[in-house]
>>> print(open('entry.txt').read())   # compact mmCIF, C-alpha atoms
# COMPACT_ATOMS: atom_id res chain seq x y z
CA MET A 1 -15.94 -15.38 9.73
CA ASN A 2 -15.59 -12.49 7.30
CA CYS A 3 -16.02 -12.36 3.55
CA TYR A 4 -13.19 -10.64 1.67
CA HIS A 5 -13.14 -9.65 -1.98
CA LEU A 6 -9.76 -10.40 -3.51
CA GLN A 7 -8.29 -9.38 -6.85
CA TYR A 8 -5.23 -11.13 -8.22
CA PHE A 9 -2.71 -9.52 -10.57
CA SER A 10 0.55 -10.57 -12.18
CA LEU A 11 2.23 -13.49 -10.39
CA LEU A 12 -0.74 -13.96 -8.08
CA GLY A 13 -3.05 -14.43 -11.05
CA ASP A 14 -0.71 -17.19 -12.23
CA PHE A 15 -0.52 -18.81 -8.79
CA THR A 16 -4.28 -18.78 -8.18
CA LYS A 17 -5.45 -19.12 -11.81
CA LYS A 18 -8.06 -16.49 -10.94
CA SER A 19 -8.47 -12.76 -11.42
CA SER A 20 -10.73 -12.35 -8.39
CA GLU A 21 -12.75 -14.20 -5.79
CA ALA A 22 -14.82 -13.75 -2.65
CA LEU A 23 -13.22 -15.67 0.21
CA ASN A 24 -14.72 -16.53 3.60
CA SER A 25 -11.92 -16.39 6.11
CA GLU A 26 -11.05 -16.15 9.79
CA ALA A 27 -8.04 -13.96 8.91
CA GLN A 28 -7.97 -10.69 10.84
CA SER A 29 -5.14 -8.98 8.95
CA PRO A 30 -3.68 -8.95 5.42
CA GLU A 31 -0.71 -10.87 6.82
CA GLU A 32 -2.96 -13.70 8.01
CA LEU A 33 -4.96 -13.63 4.80
CA TYR A 34 -1.82 -13.83 2.67
CA ALA A 35 -0.63 -16.88 4.62
CA GLU A 36 -4.03 -18.49 4.08
CA ILE A 37 -3.91 -17.86 0.33
CA GLU A 38 -0.40 -19.30 0.11
CA GLN A 39 -1.76 -22.43 1.74
CA ILE A 40 -4.94 -22.68 -0.37
CA TYR A 41 -3.07 -22.31 -3.66
CA SER A 42 0.12 -24.10 -2.61
CA PHE A 43 2.62 -21.42 -3.44
CA SER A 44 5.32 -19.69 -1.50
CA TYR A 45 6.60 -16.24 -2.40
CA ASP A 46 8.48 -13.70 -0.33
CA LYS A 47 5.75 -11.47 1.15
CA ASP A 48 8.31 -8.70 1.71
CA LYS A 49 8.39 -8.13 -2.07
CA PHE A 50 4.65 -7.42 -2.06
CA ARG A 51 2.58 -4.49 -0.86
CA VAL A 52 -1.04 -4.69 0.16
CA ALA A 53 -4.06 -2.51 -0.60
CA ILE A 54 -7.33 -2.45 1.33
CA ASN A 55 -10.30 -0.84 -0.39
CA ASP A 56 -8.06 0.67 -3.08
CA GLU A 57 -5.51 2.29 -0.73
CA PHE A 58 -2.04 1.09 0.23
CA SER A 59 -2.18 -0.36 3.76
CA ASP A 60 -0.10 -2.11 6.37
CA TRP A 61 0.13 -5.87 6.69
CA ASN A 62 -1.22 -5.69 10.25
CA THR A 63 -4.24 -3.48 9.62
CA ALA A 64 -7.44 -4.95 11.10
CA LEU A 65 -9.72 -6.22 8.33
CA ASN A 66 -13.47 -5.75 8.18
CA ASP A 67 -16.16 -7.88 6.59
CA GLY A 68 -16.55 -6.98 2.92
CA ASP A 69 -13.09 -5.40 2.52
CA ARG A 70 -11.51 -5.46 -0.92
CA ILE A 71 -7.95 -6.76 -0.63
CA VAL A 72 -5.23 -6.73 -3.28
CA PHE A 73 -1.77 -8.14 -2.70
CA ILE A 74 0.52 -6.15 -4.98
CA PRO A 75 3.45 -7.99 -6.59
CA PRO A 76 6.54 -6.01 -7.68
CA VAL A 77 5.33 -3.45 -10.21
CA ALA A 78 6.81 -2.78 -13.66
CA GLY A 79 4.88 -0.10 -15.47
CA GLY A 80 6.23 2.08 -18.25
CA MET B 1 -9.65 17.06 -13.46
CA GLN B 2 -8.08 13.65 -13.99
CA ASN B 3 -4.47 13.79 -15.24
CA PHE B 4 -3.52 10.10 -15.06
CA HIS B 5 -5.40 7.56 -17.14
CA ILE B 6 -5.44 3.85 -17.89
CA SER B 7 -6.53 2.76 -21.36
CA ALA B 8 -7.28 -0.62 -22.89
CA GLN B 9 -7.25 1.01 -26.34
CA ALA B 10 -4.34 2.34 -28.40
CA ILE B 11 -3.05 5.70 -27.16
CA GLU B 12 -0.98 6.85 -30.17
CA ASP B 13 -3.72 8.99 -31.71
CA ILE B 14 -4.57 11.04 -28.64
CA ASP B 15 -3.66 14.72 -29.02
CA ILE B 16 -1.70 14.87 -25.78
CA VAL B 17 -0.28 18.35 -26.46
CA ALA B 18 -3.80 19.77 -26.42
CA LYS B 19 -4.31 18.24 -22.94
CA VAL B 20 -1.58 20.39 -21.38
CA ALA B 21 -1.40 23.47 -23.61
CA THR B 22 -1.61 26.82 -21.83
CA PRO B 23 -0.82 30.33 -23.13
CA GLN B 24 1.91 30.59 -20.48
CA SER B 25 3.73 27.40 -21.56
CA GLY B 26 6.87 27.69 -23.69
CA GLY B 27 8.26 24.19 -23.13
CA TYR B 28 6.53 20.85 -23.72
CA VAL B 29 8.35 17.59 -22.95
CA ILE B 30 6.93 14.23 -24.04
CA PHE B 31 7.99 10.77 -22.92
CA ASP B 32 6.69 7.99 -25.16
CA GLY B 33 7.48 4.51 -23.79
CA ARG B 34 7.15 1.84 -26.46
CA VAL B 35 7.36 -1.94 -26.60
CA ARG B 36 10.78 -3.03 -27.88
CA ASP B 37 11.70 -6.35 -29.44
CA HIS B 38 14.20 -7.50 -26.81
CA ASN B 39 14.95 -7.40 -23.11
CA GLU B 40 18.04 -8.72 -21.32
CA ASN B 41 19.27 -10.67 -24.35
CA ARG B 42 15.90 -12.29 -25.02
CA ASP B 43 13.78 -11.69 -28.12
CA VAL B 44 10.36 -10.37 -27.21
CA THR B 45 7.27 -10.97 -29.37
CA HIS B 46 4.75 -8.87 -27.44
CA LEU B 47 3.85 -7.61 -23.97
CA GLU B 48 0.76 -7.94 -21.82
CA TYR B 49 0.07 -5.13 -19.34
CA GLN B 50 -2.20 -5.45 -16.32
CA ALA B 51 -3.24 -2.57 -14.07
CA TYR B 52 -4.99 -2.37 -10.73
CA GLU B 53 -6.84 0.56 -12.16
CA ALA B 54 -8.50 2.09 -9.10
CA LEU B 55 -5.23 2.35 -7.17
CA ALA B 56 -3.06 3.01 -10.25
CA VAL B 57 -5.05 6.15 -11.02
CA LYS B 58 -4.87 7.34 -7.40
CA GLU B 59 -1.12 6.74 -7.18
CA GLY B 60 -0.52 8.28 -10.62
CA GLU B 61 -2.40 11.39 -9.54
CA ARG B 62 -0.36 11.56 -6.32
CA ILE B 63 2.90 11.43 -8.33
CA ILE B 64 1.70 14.22 -10.63
CA LYS B 65 0.73 16.31 -7.59
CA GLU B 66 4.18 15.75 -6.09
CA ALA B 67 5.78 16.82 -9.39
CA GLY B 68 3.74 20.03 -9.28
CA GLU B 69 5.04 20.73 -5.76
CA ARG B 70 8.68 20.02 -6.71
CA TYR B 71 8.88 21.70 -10.11
CA ASN B 72 7.55 24.91 -11.58
CA ILE B 73 5.34 23.30 -14.24
CA HIS B 74 1.93 24.07 -15.68
CA LYS B 75 0.11 20.87 -16.62
CA VAL B 76 0.70 17.11 -16.85
CA PHE B 77 -1.12 14.41 -18.79
CA CYS B 78 -0.19 10.73 -18.57
CA ILE B 79 -1.88 7.67 -20.05
CA HIS B 80 -0.83 4.02 -19.66
CA ARG B 81 -1.99 1.06 -21.73
CA THR B 82 -3.32 -2.29 -20.56
CA GLY B 83 -3.86 -5.47 -22.55
CA ASP B 84 -1.74 -7.04 -25.28
CA LEU B 85 0.71 -4.71 -27.02
CA LYS B 86 2.72 -5.38 -30.16
CA ILE B 87 6.32 -4.33 -30.75
CA GLY B 88 6.45 -0.59 -31.40
CA GLU B 89 3.15 0.23 -29.69
CA SER B 90 3.09 2.95 -27.04
CA ALA B 91 2.77 1.58 -23.50
CA VAL B 92 2.85 4.95 -21.79
CA ARG B 93 2.70 8.55 -22.97
CA LEU B 94 3.49 11.43 -20.66
CA ILE B 95 3.59 15.14 -21.40
CA VAL B 96 4.54 18.07 -19.17
CA SER B 97 4.11 21.75 -20.00
CA ALA B 98 6.09 24.52 -18.32
CA LYS B 99 7.26 28.07 -18.89
CA HIS B 100 10.74 26.81 -19.87
CA ARG B 101 12.07 23.43 -21.01
CA GLY B 102 14.36 22.77 -18.02
CA THR B 103 11.69 22.18 -15.43
CA ALA B 104 9.56 20.29 -17.95
CA PHE B 105 12.45 17.84 -18.61
CA GLU B 106 13.09 17.37 -14.89
CA ALA B 107 9.43 16.88 -14.02
CA CYS B 108 8.95 14.44 -16.89
CA GLU B 109 11.85 12.29 -15.69
CA PHE B 110 10.64 12.45 -12.09
CA ILE B 111 7.13 11.33 -13.01
CA ILE B 112 8.17 8.38 -15.19
CA ASP B 113 10.74 7.20 -12.62
CA GLU B 114 8.16 7.30 -9.82
CA LEU B 115 5.52 5.65 -12.03
CA LYS B 116 7.80 2.69 -12.68
CA THR B 117 8.39 2.04 -8.99
CA ARG B 118 5.04 2.96 -7.40
CA VAL B 119 2.06 2.53 -9.72
CA PRO B 120 0.46 -0.95 -9.64
CA ILE B 121 0.95 -1.89 -13.28
CA TRP B 122 2.59 -5.11 -14.41
CA LYS B 123 3.99 -6.39 -17.68
CA ASN B 124 4.29 -9.96 -18.86
CA GLU B 125 6.94 -10.40 -21.53
CA HIS B 126 6.31 -13.03 -24.18
CA TYR B 127 9.42 -14.44 -25.86
CA THR B 128 10.10 -15.98 -29.25
CA ASP B 129 10.59 -19.42 -27.67
CA GLY B 130 6.96 -19.36 -26.46
CA SER B 131 7.76 -18.74 -22.79
CA SER B 132 6.75 -15.65 -20.81
CA GLY B 133 7.58 -13.94 -17.54
CA TRP B 134 6.45 -11.07 -15.34
CA VAL B 135 9.03 -8.32 -15.33
CA GLU B 136 10.38 -6.97 -12.07
CA CYS B 137 11.27 -3.30 -12.21
CA HIS B 138 15.05 -2.85 -12.00
CA GLU B 139 14.80 0.58 -10.44
CA CYS B 140 12.73 -0.98 -7.63
CA SER B 141 15.42 -3.55 -6.82
CA LYS B 142 18.04 -0.79 -6.90
CA HIS B 143 15.95 1.25 -4.46
CA ALA B 144 15.58 -1.73 -2.15
CA HIS B 145 19.32 -2.37 -2.40
CA HIS B 146 20.17 1.23 -1.55
CA GLU B 147 17.82 1.24 1.39
CA GLU B 148 19.69 -1.70 2.88
CA HIS B 149 22.93 0.30 3.05
>>> encode(input="entry.txt", output="structure tokens")
Amino acid sequence: MNCYHLQYFSLLGDFTKKSSEALNSEAQSPEELYAEIEQIYSFSYDKDKFRVAINDEFSDWNTALNDGDRIVFIPPVAGG
Amino acid sequence: MQNFHISAQAIEDIDIVAKVATPQSGGYVIFDGRVRDHNENRDVTHLEYQAYEALAVKEGERIIKEAGERYNIHKVFCIHRTGDLKIGESAVRLIVSAKHRGTAFEACEFIIDELKTRVPIWKNEHYTDGSSGWVECHECSKHAHHEEH
């Protein structure tokens, strides 16, 4: 069991009603963690529209996660 | 030196020209993106911007570095707001200095286009009927569409 630090922005802040949390999880990859969060907060949103960041760098959905990692799922951006 | 910044405070009063002025620069191009009162036939009352600051700054700096490799420019300064913004407030201000105006115009357009599709910043539009919605960048959907073909 690892502990991950999650931050939620945009749509994900609305879905989870949180801006951040520490989550104990068996998930080994961002893909698994995303599926778990969808289940916990009862939402469903096309993962392919999102990107993922681990420890403040863009990463792949299948990257192996480590205890204490900071994970951010990045909804479609719209700056400017 | 940091060239890309996120600010929770108003950015209108910053002397952005001073940030990029060099004795070699003859052309300065500014893009000032402001909150407008409508979007896609809906009346907008205000916008809320969120930024994943740590990664937004990194990605913003990468875009500016890429611009420096593509175009013959001198300096770039870009600052993006977060928080609640009223109609008419600046959401982003970008300035590029170069020897001549041509490359400054091109680099300015490149940077703002890349910013809109790559930097983790989001805007929530609030409408006159009390509803709100997170905006999805149109350029991003176009990119995705093009990639499919």
>>> residues_around(input="entry.txt", residues="region 19-34 of chain B", least_positions_apart="2", cutoff="6 Å", atoms="all atoms listed in the file", output="list in words")
Ile16, Val17, Lys75, Gly88, Glu89, Ser90, Ala91, Val92, Arg93, Leu94, Ile95, Val96, Ser97, Ala98, Lys99, His100, Arg101, Ala104 and Phe105 of chain B
>>> closest_residue(input="entry.txt", among="B:Phe77, B:Trp122, B:Phe4, B:Tyr71", to="chain A", atoms="only C-alpha atoms")
B:Trp122
>>> closest_atom_pairs(input="entry.txt", of="region 16-117 of chain B", to="region 7-31 of chain A", cutoff="12 Å", atoms="all atoms listed in the file", output="JSON lines")
{"residue": "B:Glu48", "atom": "CA", "partner": "A:Ser10", "partner_atom": "CA", "distance": 10.0}
{"residue": "B:Tyr49", "atom": "CA", "partner": "A:Ser10", "partner_atom": "CA", "distance": 9.0}
{"residue": "B:Gln50", "atom": "CA", "partner": "A:Phe9", "partner_atom": "CA", "distance": 7.1}
{"residue": "B:Ala51", "atom": "CA", "partner": "A:Phe9", "partner_atom": "CA", "distance": 7.8}
{"residue": "B:Tyr52", "atom": "CA", "partner": "A:Phe9", "partner_atom": "CA", "distance": 7.5}
{"residue": "B:Glu53", "atom": "CA", "partner": "A:Phe9", "partner_atom": "CA", "distance": 11.0}
{"residue": "B:Ala54", "atom": "CA", "partner": "A:Gln7", "partner_atom": "CA", "distance": 11.7}
>>> write_last_selection(input="entry.txt", atoms="C-alpha atoms", output="mmCIF file, in the coordinates of the input")
data_model
loop_
_atom_site.group_PDB
_atom_site.id
_atom_site.type_symbol
_atom_site.label_atom_id
_atom_site.label_comp_id
_atom_site.auth_asym_id
_atom_site.auth_seq_id
_atom_site.Cartn_x
_atom_site.Cartn_y
_atom_site.Cartn_z
ATOM 1 C CA GLU B 48 0.760 -7.940 -21.820
ATOM 2 C CA TYR B 49 0.070 -5.130 -19.340
ATOM 3 C CA GLN B 50 -2.200 -5.450 -16.320
ATOM 4 C CA ALA B 51 -3.240 -2.570 -14.070
ATOM 5 C CA TYR B 52 -4.990 -2.370 -10.730
ATOM 6 C CA GLU B 53 -6.840 0.560 -12.160
ATOM 7 C CA ALA B 54 -8.500 2.090 -9.100
#
>>> interface_residues(input="entry.txt", of="chain A", to="chain B", cutoff="9 Å", atoms="only C-alpha atoms", output="MDAnalysis selection string")
chainID A and resid 7 9:11 53 56:58 72 74:80
>>> atom_distance(input="entry.txt", atom1="CA of Thr45 (chain B)", atom2="CA of Ser132 (chain B)")
9.8 Å
>>> build_atoms(input="entry.txt", residues="region 35-54 of chain A", atoms="N, CA, C and O atoms", output="JSON list (two decimals), in the frame of the given file")
[["chain", "number", "residue", "atom", "x", "y", "z"],
["A", 35, "ALA", "N", -1.09, -15.54, 4.24],
["A", 35, "ALA", "CA", -0.63, -16.88, 4.62],
["A", 35, "ALA", "C", -1.68, -17.93, 4.24],
["A", 35, "ALA", "O", -1.35, -19.02, 3.76],
["A", 36, "GLU", "N", -2.95, -17.56, 4.41],
["A", 36, "GLU", "CA", -4.03, -18.49, 4.08],
["A", 36, "GLU", "C", -4.07, -18.76, 2.57],
["A", 36, "GLU", "O", -4.24, -19.90, 2.13],
["A", 37, "ILE", "N", -3.87, -17.71, 1.79],
["A", 37, "ILE", "CA", -3.91, -17.86, 0.33],
["A", 37, "ILE", "C", -2.72, -18.69, -0.16],
["A", 37, "ILE", "O", -2.86, -19.53, -1.06],
["A", 38, "GLU", "N", -1.57, -18.47, 0.45],
["A", 38, "GLU", "CA", -0.40, -19.30, 0.11],
["A", 38, "GLU", "C", -0.71, -20.77, 0.31],
["A", 38, "GLU", "O", -0.33, -21.62, -0.48],
["A", 39, "GLN", "N", -1.43, -21.04, 1.41],
["A", 39, "GLN", "CA", -1.76, -22.43, 1.74],
["A", 39, "GLN", "C", -2.81, -23.00, 0.77],
["A", 39, "GLN", "O", -2.64, -24.08, 0.23],
["A", 40, "ILE", "N", -3.85, -22.21, 0.52],
["A", 40, "ILE", "CA", -4.94, -22.68, -0.37],
["A", 40, "ILE", "C", -4.39, -23.01, -1.76],
["A", 40, "ILE", "O", -4.73, -24.03, -2.35],
["A", 41, "TYR", "N", -3.53, -22.14, -2.28],
["A", 41, "TYR", "CA", -3.07, -22.31, -3.66],
["A", 41, "TYR", "C", -1.67, -22.91, -3.77],
["A", 41, "TYR", "O", -1.09, -22.94, -4.85],
["A", 42, "SER", "N", -1.16, -23.37, -2.63],
["A", 42, "SER", "CA", 0.12, -24.10, -2.61],
["A", 42, "SER", "C", 1.24, -23.36, -3.33],
["A", 42, "SER", "O", 1.86, -23.88, -4.26],
["A", 43, "PHE", "N", 1.45, -22.11, -2.92],
["A", 43, "PHE", "CA", 2.62, -21.42, -3.44],
["A", 43, "PHE", "C", 3.34, -20.77, -2.27],
["A", 43, "PHE", "O", 2.79, -20.64, -1.17],
["A", 44, "SER", "N", 4.56, -20.38, -2.53],
["A", 44, "SER", "CA", 5.32, -19.69, -1.50],
["A", 44, "SER", "C", 6.11, -18.58, -2.19],
["A", 44, "SER", "O", 6.85, -18.85, -3.13],
["A", 45, "TYR", "N", 5.90, -17.36, -1.77],
["A", 45, "TYR", "CA", 6.60, -16.24, -2.40],
["A", 45, "TYR", "C", 6.85, -15.20, -1.33],
["A", 45, "TYR", "O", 5.98, -14.92, -0.50],
["A", 46, "ASP", "N", 8.05, -14.65, -1.35],
["A", 46, "ASP", "CA", 8.48, -13.70, -0.33],
["A", 46, "ASP", "C", 7.50, -12.53, -0.19],
["A", 46, "ASP", "O", 7.44, -11.65, -1.04],
["A", 47, "LYS", "N", 6.75, -12.51, 0.90],
["A", 47, "LYS", "CA", 5.75, -11.47, 1.15],
["A", 47, "LYS", "C", 6.38, -10.08, 1.19],
["A", 47, "LYS", "O", 5.74, -9.08, 0.85],
["A", 48, "ASP", "N", 7.66, -10.00, 1.58],
["A", 48, "ASP", "CA", 8.31, -8.70, 1.71],
["A", 48, "ASP", "C", 8.45, -7.99, 0.36],
["A", 48, "ASP", "O", 8.70, -6.79, 0.31],
["A", 49, "LYS", "N", 8.32, -8.75, -0.74],
["A", 49, "LYS", "CA", 8.39, -8.13, -2.07],
["A", 49, "LYS", "C", 7.05, -7.53, -2.48],
["A", 49, "LYS", "O", 6.95, -6.84, -3.49],
["A", 50, "PHE", "N", 6.00, -7.87, -1.73],
["A", 50, "PHE", "CA", 4.65, -7.42, -2.06],
["A", 50, "PHE", "C", 4.25, -6.23, -1.20],
["A", 50, "PHE", "O", 4.79, -6.01, -0.11],
["A", 51, "ARG", "N", 3.28, -5.46, -1.70],
["A", 51, "ARG", "CA", 2.58, -4.49, -0.86],
["A", 51, "ARG", "C", 1.13, -4.96, -0.78],
["A", 51, "ARG", "O", 0.74, -5.91, -1.46],
["A", 52, "VAL", "N", 0.36, -4.30, 0.06],
["A", 52, "VAL", "CA", -1.04, -4.69, 0.16],
["A", 52, "VAL", "C", -1.92, -3.44, 0.10],
["A", 52, "VAL", "O", -1.54, -2.38, 0.59],
["A", 53, "ALA", "N", -3.06, -3.59, -0.55],
["A", 53, "ALA", "CA", -4.06, -2.51, -0.60],
["A", 53, "ALA", "C", -5.37, -3.02, -0.01],
["A", 53, "ALA", "O", -5.79, -4.15, -0.28],
["A", 54, "ILE", "N", -5.99, -2.17, 0.81],
["A", 54, "ILE", "CA", -7.33, -2.45, 1.33],
["A", 54, "ILE", "C", -8.25, -1.36, 0.82],
["A", 54, "ILE", "O", -7.97, -0.16, 1.00]]
